[in-house]
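Peer 1: Next comes the structure file data03.txt, holding compact mmCIF, C-alpha atoms and all ligand atoms.
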# COMPACT_ATOMS: atom_id res chain seq x y z
CA MET A 1 0.00 0.00 0.00
CA ASN A 2 1.54 3.33 -0.98
CA ARG A 3 1.44 6.44 1.17
CA ARG A 4 -1.44 8.05 -0.71
CA THR A 5 -3.57 4.92 -0.44
CA PHE A 6 -2.71 4.59 3.26
CA LEU A 7 -3.69 8.19 4.00
CA LYS A 8 -6.85 7.87 1.95
CA ARG A 9 -7.92 4.71 3.74
CA SER A 10 -7.08 6.01 7.23
CA PHE A 11 -8.77 9.36 6.66
CA GLY A 12 -11.64 7.60 4.93
CA SER A 13 -12.24 5.21 7.81
CA LEU A 14 -12.27 8.11 10.26
CA ILE A 15 -14.77 10.06 8.17
CA THR A 16 -16.93 6.97 7.78
CA LEU A 17 -17.08 6.56 11.56
CA ILE A 18 -17.92 10.20 12.17
CA GLY A 19 -20.08 10.83 9.13
CA LEU A 20 -22.13 7.67 9.05
CA SER A 21 -22.86 7.77 12.76
CA GLY A 22 -25.63 10.38 12.58
CA GLY A 23 -28.32 11.26 10.07
CA THR A 24 -25.91 10.43 7.31
CA TYR A 25 -26.03 6.81 8.37
CA PHE A 26 -29.79 6.73 7.88
CA TYR A 27 -29.41 8.43 4.50
CA ALA A 28 -26.67 6.04 3.32
CA LYS A 29 -28.55 2.97 4.50
CA ASP A 30 -32.20 3.77 3.75
CA ILE A 31 -32.37 6.63 1.25
CA GLU A 32 -29.57 6.65 -1.28
CA PRO A 33 -29.62 2.91 -2.10
CA ASN A 34 -33.15 3.54 -3.47
CA LEU A 35 -32.32 6.56 -5.62
CA LEU A 36 -31.83 5.36 -9.17
CA LYS A 37 -29.76 7.47 -11.54
CA VAL A 38 -30.02 7.04 -15.33
CA THR A 39 -26.75 8.03 -16.98
CA GLU A 40 -27.15 8.89 -20.66
CA GLU A 41 -24.10 8.45 -22.85
CA PRO A 42 -23.99 8.97 -26.61
CA ILE A 43 -21.39 6.72 -28.26
CA HIS A 44 -19.69 8.06 -31.39
CA PHE A 45 -17.38 5.96 -33.54
CA PRO A 46 -16.77 6.18 -37.29
CA ASN A 47 -17.43 2.46 -37.78
CA ILE A 48 -20.93 2.46 -36.25
CA PRO A 49 -23.21 1.49 -39.18
CA ALA A 50 -25.82 4.06 -40.20
CA ALA A 51 -28.63 1.59 -39.42
CA PHE A 52 -27.67 1.83 -35.75
CA HIS A 53 -27.94 5.61 -35.48
CA ASN A 54 -29.83 6.29 -32.21
CA PHE A 55 -29.83 2.58 -31.31
CA ARG A 56 -30.46 2.45 -27.57
CA ILE A 57 -28.64 0.12 -25.21
CA ILE A 58 -29.46 -0.22 -21.53
CA GLN A 59 -26.85 -1.68 -19.19
CA PHE A 60 -27.64 -2.77 -15.66
CA SER A 61 -25.17 -4.43 -13.34
CA ASP A 62 -24.49 -5.83 -9.88
CA THR A 63 -28.04 -6.23 -8.61
CA HIS A 64 -26.81 -8.42 -5.71
CA ILE A 65 -30.37 -9.55 -5.03
CA GLY A 66 -30.76 -10.97 -1.54
CA PHE A 67 -28.36 -8.57 0.16
CA HIS A 68 -30.53 -5.51 0.96
CA TYR A 69 -32.07 -5.66 -2.51
CA ASP A 70 -35.26 -7.67 -2.95
CA LEU A 71 -37.41 -8.90 -5.81
CA ASP A 72 -39.95 -6.07 -5.41
CA GLN A 73 -37.14 -3.60 -6.04
CA PHE A 74 -35.91 -5.71 -8.95
CA LYS A 75 -39.41 -5.65 -10.44
CA GLU A 76 -39.45 -1.84 -10.18
CA LEU A 77 -36.11 -1.81 -12.00
CA ALA A 78 -37.52 -3.96 -14.83
CA ILE A 79 -40.44 -1.52 -15.22
CA LYS A 80 -38.01 1.41 -15.32
CA ILE A 81 -35.84 -0.34 -17.92
CA ASN A 82 -38.88 -0.99 -20.14
CA GLN A 83 -39.95 2.65 -19.82
CA LEU A 84 -36.61 3.66 -21.36
CA GLU A 85 -37.55 1.63 -24.49
CA PRO A 86 -34.22 -0.09 -25.06
CA ASP A 87 -33.32 -1.79 -28.34
CA LEU A 88 -30.85 -4.00 -26.48
CA ILE A 89 -30.49 -4.90 -22.79
CA LEU A 90 -27.15 -5.89 -21.27
CA PHE A 91 -26.52 -7.26 -17.79
CA SER A 92 -22.89 -7.16 -16.69
CA GLY A 93 -22.92 -9.69 -13.84
CA ASP A 94 -23.55 -10.32 -10.12
CA LEU A 95 -27.26 -11.16 -10.16
CA VAL A 96 -27.63 -12.33 -6.57
CA ASP A 97 -25.21 -11.78 -3.72
CA LYS A 98 -24.82 -15.41 -2.59
CA PRO A 99 -26.21 -17.95 -5.09
CA ASN A 100 -25.98 -20.92 -2.70
CA GLN A 101 -27.91 -19.13 0.06
CA PHE A 102 -30.54 -17.51 -2.13
CA TYR A 103 -34.13 -18.76 -2.16
CA TRP A 104 -34.66 -19.26 -5.90
CA ASP A 105 -38.20 -19.30 -7.25
CA ASP A 106 -39.97 -18.48 -10.52
CA ARG A 107 -40.46 -14.86 -9.62
CA ILE A 108 -36.94 -13.83 -10.52
CA VAL A 109 -37.39 -15.55 -13.90
CA GLU A 110 -40.67 -13.71 -14.51
CA ILE A 111 -39.01 -10.36 -13.80
CA LEU A 112 -36.11 -11.12 -16.14
CA ARG A 113 -38.56 -12.23 -18.83
CA SER A 114 -40.61 -9.06 -18.43
CA MET A 115 -37.71 -6.93 -19.71
CA ASN A 116 -38.26 -6.11 -23.38
CA ALA A 117 -35.76 -5.33 -26.13
CA GLU A 118 -36.29 -6.03 -29.82
CA TYR A 119 -32.62 -6.87 -30.50
CA GLY A 120 -32.15 -9.13 -27.52
CA LYS A 121 -30.95 -9.44 -23.96
CA TYR A 122 -27.39 -10.58 -23.14
CA TRP A 123 -25.37 -11.11 -19.98
CA ILE A 124 -21.95 -12.10 -18.67
CA TYR A 125 -20.78 -13.76 -15.46
CA GLY A 126 -19.61 -11.69 -12.50
CA ASN A 127 -17.56 -13.02 -9.60
CA HIS A 128 -20.64 -13.45 -7.40
CA ASP A 129 -22.33 -15.55 -10.11
CA HIS A 130 -19.44 -18.02 -10.18
CA GLY A 131 -18.94 -17.77 -6.41
CA GLY A 132 -21.11 -19.75 -4.01
CA TYR A 133 -21.48 -22.57 -6.56
CA GLY A 134 -23.64 -20.28 -8.65
CA THR A 135 -22.23 -21.01 -12.11
CA GLU A 136 -24.93 -23.44 -13.23
CA ILE A 137 -27.81 -22.04 -11.13
CA VAL A 138 -27.41 -18.48 -12.41
CA LYS A 139 -26.92 -19.73 -15.97
CA ASP A 140 -30.22 -21.66 -15.86
CA ILE A 141 -32.10 -18.73 -14.32
CA MET A 142 -30.79 -16.21 -16.86
CA GLU A 143 -31.56 -18.59 -19.72
CA ALA A 144 -35.12 -19.06 -18.45
CA GLY A 145 -35.31 -15.27 -18.22
CA GLU A 146 -34.43 -15.10 -21.95
CA PHE A 147 -30.98 -13.59 -21.46
CA SER A 148 -28.21 -15.10 -23.63
CA LEU A 149 -24.83 -15.73 -22.02
CA LEU A 150 -21.66 -14.39 -23.63
CA GLN A 151 -18.86 -16.46 -22.09
CA ASN A 152 -15.80 -15.78 -24.26
CA GLU A 153 -17.95 -15.44 -27.35
CA SER A 154 -19.59 -12.86 -29.54
CA VAL A 155 -22.78 -12.36 -31.53
CA PRO A 156 -23.59 -10.06 -34.42
CA ILE A 157 -26.40 -7.64 -33.60
CA SER A 158 -28.11 -7.20 -36.97
CA LYS A 159 -30.37 -4.46 -38.23
CA ASP A 160 -31.44 -3.55 -41.78
CA GLY A 161 -28.66 -5.56 -43.41
CA SER A 162 -25.79 -4.31 -41.23
CA TYR A 163 -24.47 -5.40 -37.86
CA PHE A 164 -22.09 -4.70 -35.02
CA THR A 165 -20.28 -7.19 -32.83
CA LEU A 166 -21.25 -7.72 -29.20
CA ALA A 167 -18.72 -9.79 -27.27
CA GLY A 168 -18.49 -10.91 -23.66
CA ILE A 169 -15.73 -12.46 -21.57
CA ASP A 170 -15.96 -14.82 -18.64
CA ASP A 171 -15.44 -13.34 -15.19
CA VAL A 172 -11.84 -12.22 -14.64
CA MET A 173 -11.61 -13.15 -10.94
CA LEU A 174 -13.30 -16.55 -10.81
CA GLY A 175 -13.78 -17.59 -14.43
CA LYS A 176 -11.52 -18.20 -17.41
CA PRO A 177 -11.54 -15.01 -19.47
CA ASP A 178 -10.29 -15.45 -23.02
CA LEU A 179 -10.49 -12.34 -25.15
CA ASN A 180 -8.95 -13.95 -28.25
CA LYS A 181 -11.66 -16.59 -28.19
CA ALA A 182 -14.36 -14.00 -27.55
CA LEU A 183 -13.27 -12.07 -30.64
CA GLN A 184 -12.50 -15.00 -32.95
CA ASN A 185 -15.47 -14.35 -35.25
CA GLN A 186 -14.89 -10.62 -35.40
CA GLN A 187 -14.31 -9.18 -38.87
CA GLU A 188 -11.95 -6.33 -39.62
CA ASN A 189 -13.58 -2.93 -39.04
CA ASP A 190 -16.51 -4.33 -37.06
CA PHE A 191 -17.77 -1.86 -34.52
CA THR A 192 -17.31 -3.93 -31.36
CA ILE A 193 -18.63 -3.66 -27.83
CA LEU A 194 -17.14 -5.90 -25.14
CA LEU A 195 -18.80 -6.80 -21.85
CA SER A 196 -16.32 -7.45 -19.04
CA HIS A 197 -17.50 -7.57 -15.43
CA GLU A 198 -14.19 -6.24 -14.13
CA PRO A 199 -13.28 -2.75 -15.42
CA ASP A 200 -9.51 -2.98 -14.99
CA PHE A 201 -9.47 -5.63 -17.72
CA ALA A 202 -9.65 -2.61 -20.05
CA ASP A 203 -5.85 -2.40 -19.88
CA ILE A 204 -5.82 -5.62 -21.88
CA THR A 205 -8.83 -4.80 -24.06
CA LYS A 206 -7.30 -1.51 -25.18
CA ASN A 207 -4.74 -3.45 -27.23
CA TYR A 208 -7.48 -5.18 -29.22
CA PRO A 209 -9.78 -3.89 -31.98
CA VAL A 210 -12.59 -3.12 -29.53
CA GLN A 211 -14.13 0.35 -29.38
CA VAL A 212 -16.18 0.12 -26.21
CA GLN A 213 -15.92 -1.90 -22.99
CA LEU A 214 -18.87 -1.94 -20.59
CA SER A 215 -18.15 -3.00 -17.02
CA GLY A 216 -19.56 -3.04 -13.51
CA HIS A 217 -18.07 -4.73 -10.42
CA SER A 218 -16.77 -1.56 -8.72
CA HIS A 219 -20.19 -0.42 -7.41
CA GLY A 220 -18.55 2.98 -7.92
CA GLY A 221 -17.03 2.35 -4.50
CA GLN A 222 -20.56 2.44 -2.93
CA VAL A 223 -19.42 5.03 -0.39
CA ARG A 224 -17.66 8.11 -1.71
CA PHE A 225 -16.55 11.34 -0.05
CA PRO A 226 -15.85 14.79 -1.47
CA PHE A 227 -12.14 15.28 -2.25
CA ILE A 228 -11.34 11.66 -1.33
CA GLY A 229 -13.54 9.68 -3.68
CA ASP A 230 -14.08 6.01 -3.00
CA LEU A 231 -12.78 4.30 0.14
CA TYR A 232 -12.73 0.78 -1.14
CA THR A 233 -13.15 -1.02 -4.44
CA PRO A 234 -12.64 -4.73 -5.11
CA PRO A 235 -9.68 -6.23 -6.99
CA TYR A 236 -9.77 -5.48 -10.75
CA ALA A 237 -11.77 -2.30 -10.08
CA GLU A 238 -8.96 -0.37 -8.44
CA LYS A 239 -7.85 1.65 -11.41
CA TYR A 240 -11.15 2.34 -13.17
CA VAL A 241 -13.96 2.91 -10.69
CA GLN A 242 -16.78 4.98 -12.09
CA GLY A 243 -17.91 6.66 -15.30
CA LYS A 244 -16.25 7.15 -18.66
CA TYR A 245 -12.57 6.64 -19.52
CA ASP A 246 -11.25 7.49 -22.98
CA LEU A 247 -8.19 5.23 -22.90
CA HIS A 248 -7.20 6.09 -26.44
CA PRO A 249 -8.95 7.76 -29.40
CA ASN A 250 -10.47 4.45 -30.50
CA PHE A 251 -11.33 2.91 -27.16
CA THR A 252 -13.66 3.99 -24.37
CA LEU A 253 -14.45 2.22 -21.11
CA TYR A 254 -17.68 2.84 -19.20
CA VAL A 255 -17.93 1.68 -15.60
CA ASN A 256 -21.43 1.30 -14.20
CA SER A 257 -21.93 1.88 -10.45
CA GLY A 258 -24.34 -1.05 -10.14
CA ILE A 259 -27.76 -1.38 -8.58
CA GLY A 260 -27.39 -3.23 -5.27
CA THR A 261 -24.82 -3.29 -2.53
CA THR A 262 -22.41 -5.87 -1.17
CA ARG A 263 -20.23 -6.16 1.95
CA LEU A 264 -21.95 -3.13 3.53
CA PRO A 265 -25.59 -2.14 2.88
CA TYR A 266 -24.76 1.53 2.23
CA ARG A 267 -24.48 3.93 -0.64
CA PHE A 268 -23.23 7.48 -0.18
CA LEU A 269 -22.66 9.94 -3.02
CA CYS A 270 -22.83 6.93 -5.29
CA LYS A 271 -26.40 6.25 -6.39
CA PRO A 272 -27.54 3.01 -8.03
CA GLU A 273 -27.10 3.51 -11.74
CA LEU A 274 -28.57 2.46 -15.07
CA HIS A 275 -26.60 3.31 -18.19
CA MET A 276 -28.47 4.32 -21.32
CA TYR A 277 -26.14 4.43 -24.31
CA GLU A 278 -27.17 5.73 -27.71
CA LEU A 279 -25.07 4.80 -30.71
CA LYS A 280 -24.35 7.68 -33.07
CA SER A 281 -23.32 6.97 -36.62
CA GLU A 282 -21.12 9.66 -38.16
FE FE A 301 -20.89 -6.76 -7.70
Could you rewrite the structure in this file as structure tokens?
Ligand SMILES: [Fe+2]
Peer 2:
Amino acid sequence: MNRRTFLKRSFGSLITLIGLSGGTYFYAKDIEPNLLKVTEEPIHFPNIPAAFHNFRIIQFSDTHIGFHYDLDQFKELAIKINQLEPDLILFSGDLVDKPNQFYWDDRIVEILRSMNAEYGKYWIYGNHDHGGYGTEIVKDIMEAGEFSLLQNESVPISKDGSYFTLAGIDDVMLGKPDLNKALQNQQENDFTILLSHEPDFADITKNYPVQVQLSGHSHGGQVRFPFIGDLYTPPYAEKYVQGKYDLHPNFTLYVNSGIGTTRLPYRFLCKPELHMYELKSE
């Protein structure tokens, strides 16, 4: 741990103790976790086909259902997503907090199925999906919910005779991510979006012909303070924590702050977030 990180963590822990002990505690526990923010991001790249101009993609991530986020809230989220009229829906991992302790029933499937997008619904594994023996359970649930898994593979998203490539890699922490395999069907000049649960994987992705990486995992830190920022983020979300990163002129990373919480049931200055991307053809 370097000096800056040490100071940040020590100061951060002190502020957490003082700050979250009063009314702020109530706010961080009971108010902010329920305030959904929709972040709108236009995506411009020269190789976006004209047919996809204004094509709308919704990304949601890290619902962590079961840990201070229940199915009633998840149903509200599905209604909100449908109201945004997405063409494509992407889920970037961590459906429930602890798959082996979760009471699975048909309701979660019904909610997943209720989400509508003409060009499909896709998802990738997060570390919590593989953890707690969840690999097969979560896969079956998502499949029943009509979400297609992208585990080191890609699909063409086709519209009016043109397409772009949507790829996804397996979870970086607990899976076997293989970007070469994920991109093996990619053609030269394809506009390509990659789903990777862990944002810091972007340092590898940036060397590949991928224009956009969409990630989650960080939860934006969950608890953030003015001038300090986040106090803690998990491994592989230490460098890229929240928002948009133009890593070079042809590659942009977006990190979604997630919906639920994990470890601690708080959010402070870090609202649950839906991303609404709109492709812009030039
Ligand atoms: Fe997560």
Peer 1: Tell me which protein, DNA and RNA residues are within 8 Å of region 85-91 of chain A, counting all atoms listed in the file, leaving out same-chain ones fewer than 5 positions away, and put them as a ChimeraX atom specification.
Peer 2: /A:55-61,116-124
Peer 1: List every residue of region 12-121 of chain A that has an atom at most 8 Å from any atom of region 126-142 of chain A, giving for each one its closest atom pair and the distance in Å to one decimal, counting all atoms listed in the file, sorted by chain and then by ascending residue number, as CSV.
Peer 2:
residue,atom,partner,partner_atom,distance
A:Ser92,CA,A:Gly126,CA,7.0
A:Gly93,CA,A:Gly126,CA,4.1
A:Asp94,CA,A:Gly126,CA,4.8
A:Leu95,CA,A:Asp129,CA,6.6
A:Val96,CA,A:His128,CA,7.1
A:Asp97,CA,A:His128,CA,6.1
A:Lys98,CA,A:Gly132,CA,5.9
A:Pro99,CA,A:Gly134,CA,5.0
A:Asn100,CA,A:Gly132,CA,5.2
A:Gln101,CA,A:Gly132,CA,7.9
A:Ile108,CA,A:Ile141,CA,7.9
A:Val109,CA,A:Ile141,CA,6.2
A:Leu112,CA,A:Met142,CA,7.4
Peer 1: Tell me, in Å to one decimal, how far CA of Gln213 (chain A) is from CA of Asp70 (chain A).
Peer 2: 28.4 Å
Peer 1: Would you compute the distance between CA of Pro177 (chain A) and CA of Phe251 (chain A)? Give it in Å to one decimal.
Peer 2: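 That distance, rounded to one decimal, is 19.5 Å.
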Peer 1: In terms of the shortest atom-to-atom distance over all atoms listed in the file, which of A:Gly221, A:Gly22, A:Pro235, A:Gly216 is closest to ligand FE 301 (chain A)?
Peer 2: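 Closest to ligand FE 301 (chain A), using all atoms listed in the file: A:Gly216.
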